[in-house]
Amino acid sequence: MSSMFGRTLLGTTAATAATAVAGSIASRDVDTRWYRRLRKPSFQPPSAVFPVVWTALYADIAVSSAVAIDELESEARVDEATYYRAALAANLVLNASWSWVFFKAHRLVPATVVAGALAVSSADLARRAALAKPAAGAALGPYAVWCAFATVLSGRIARLN
């Protein structure tokens, strides 16, 4: 591992960890009476699935983004690396925001809008990573798919309630 990659990975890991912490603080309300009383669709995964999936996805985001950023910088595609960092930052803000809108504010329709924006942002991040290094883009594919699924799930919960 090069020292440049190590520094980039440290930065992307810190950013994704901060996102995970912010989201988990808001998600503590998952065991509240309000949440338990919500009608949920039959396709909602068991609650134990979410922390496992999100832990894997956050690790994926950190590593794949570091790979993409370092690849862009090693090829002197500095503007693209800068835009990737900005897209990653926006994505992580959307990511953490969903939990606050859904669990803390109890705003189901706005949470669905945030989830949709996150799904689009995640697909864009995968696209940007693929332009840098195809394997990094492919690795981010599951994140985009999960965010699209989360949008459908969030929208269905909003409709049921």
# chains A, B, ... in the order shown; residues from 1 in each chain; ligands from 1

call {"tool": "select_by_dssp", "arguments": {"residues": "chain A", "states": "alpha helix (DSSP H)", "output": "ChimeraX atom specification"}}
result
/A:3-27,33-37,49-74,78-99,108-132,134-160

call {"tool": "residues_around", "arguments": {"residues": "Ala89 of chain A", "least_positions_apart": "4", "cutoff": "8 Å", "atoms": "only C-alpha atoms", "output": "JSON, numbers by chain"}}
result
{"A": [15, 85, 93]}

call {"tool": "residues_around", "arguments": {"residues": "segment 127-140 of chain A", "least_positions_apart": "6", "cutoff": "7 Å", "atoms": "only C-alpha atoms", "output": "count of residues only"}}
result
9

call {"tool": "closest_residue", "arguments": {"among": "A:Tyr143, A:Val63, A:Leu118, A:Gly6", "to": "Leu92 of chain A", "atoms": "only C-alpha atoms"}}
result
A:Leu118

call {"tool": "residues_around", "arguments": {"residues": "Ser42 of chain A", "least_positions_apart": "2", "cutoff": "12 Å", "atoms": "only C-alpha atoms", "output": "ChimeraX atom specification"}}
result
/A:39-40,44-46,153,156-157,160

call {"tool": "atom_distance", "arguments": {"atom1": "atom CA of Ala123 of chain A", "atom2": "atom CA of Ala144 of chain A"}}
result
5.0 Å

call {"tool": "atom_distance", "arguments": {"atom1": "atom CA of Ser99 of chain A", "atom2": "atom CA of Ser27 of chain A"}}
result
5.8 Å

call {"tool": "closest_residue", "arguments": {"among": "A:Thr12, A:Asn91, A:Thr112, A:Thr19", "to": "Val152 of chain A", "atoms": "only C-alpha atoms"}}
result
A:Thr112

call {"tool": "closest_atom_pairs", "arguments": {"of": "segment 48-160 of chain A", "to": "segment 30-34 of chain A", "cutoff": "10 Å", "atoms": "only C-alpha atoms", "output": "Markdown table"}}
result
| residue | atom | partner | partner_atom | distance |
| --- | --- | --- | --- | --- |
| A:Ser99 | CA | A:Val30 | CA | 9.7 |
| A:Phe102 | CA | A:Val30 | CA | 9.9 |
| A:Phe103 | CA | A:Val30 | CA | 6.9 |
| A:Lys104 | CA | A:Val30 | CA | 9.6 |
| A:His106 | CA | A:Trp34 | CA | 8.4 |

call {"tool": "write_last_selection", "arguments": {"atoms": "N, CA, C and O atoms", "output": "short mmCIF file (atom, residue, chain, number, x, y, z; two decimals), in the first residue's frame"}}
result
data_model
loop_
_atom_site.label_atom_id
_atom_site.label_comp_id
_atom_site.auth_asym_id
_atom_site.auth_seq_id
_atom_site.Cartn_x
_atom_site.Cartn_y
_atom_site.Cartn_z
N SER A 99 -31.51 9.12 7.90
CA SER A 99 -31.85 8.66 9.25
C SER A 99 -32.45 9.78 10.09
O SER A 99 -33.38 9.56 10.87
N PHE A 102 -36.04 10.51 8.66
CA PHE A 102 -36.98 9.41 8.92
C PHE A 102 -37.17 9.18 10.42
O PHE A 102 -38.27 9.27 10.94
N PHE A 103 -36.10 8.86 11.12
CA PHE A 103 -36.21 8.44 12.52
C PHE A 103 -36.40 9.58 13.51
O PHE A 103 -37.11 9.44 14.50
N LYS A 104 -35.73 10.70 13.28
CA LYS A 104 -35.82 11.81 14.24
C LYS A 104 -37.00 12.73 13.93
O LYS A 104 -37.73 13.13 14.84
N HIS A 106 -39.51 12.01 11.80
CA HIS A 106 -40.72 11.22 11.48
C HIS A 106 -41.39 11.72 10.21
O HIS A 106 -42.62 11.72 10.11
#

call {"tool": "atom_distance", "arguments": {"atom1": "atom CA of Ala117 of chain A", "atom2": "atom CA of Ala150 of chain A"}}
result
11.1 Å

call {"tool": "closest_residue", "arguments": {"among": "A:Ala126, A:Ala96, A:Val114, A:Val53", "to": "Thr16 of chain A", "atoms": "only C-alpha atoms"}}
result
A:Ala96

call {"tool": "closest_residue", "arguments": {"among": "A:Ile69, A:Ala48, A:Val109, A:Ala20", "to": "Met4 of chain A", "atoms": "only C-alpha atoms"}}
result
A:Ile69

call {"tool": "closest_residue", "arguments": {"among": "A:Ala119, A:Leu94, A:Val145, A:Val113", "to": "Gly23 of chain A", "atoms": "only C-alpha atoms"}}
result
A:Leu94
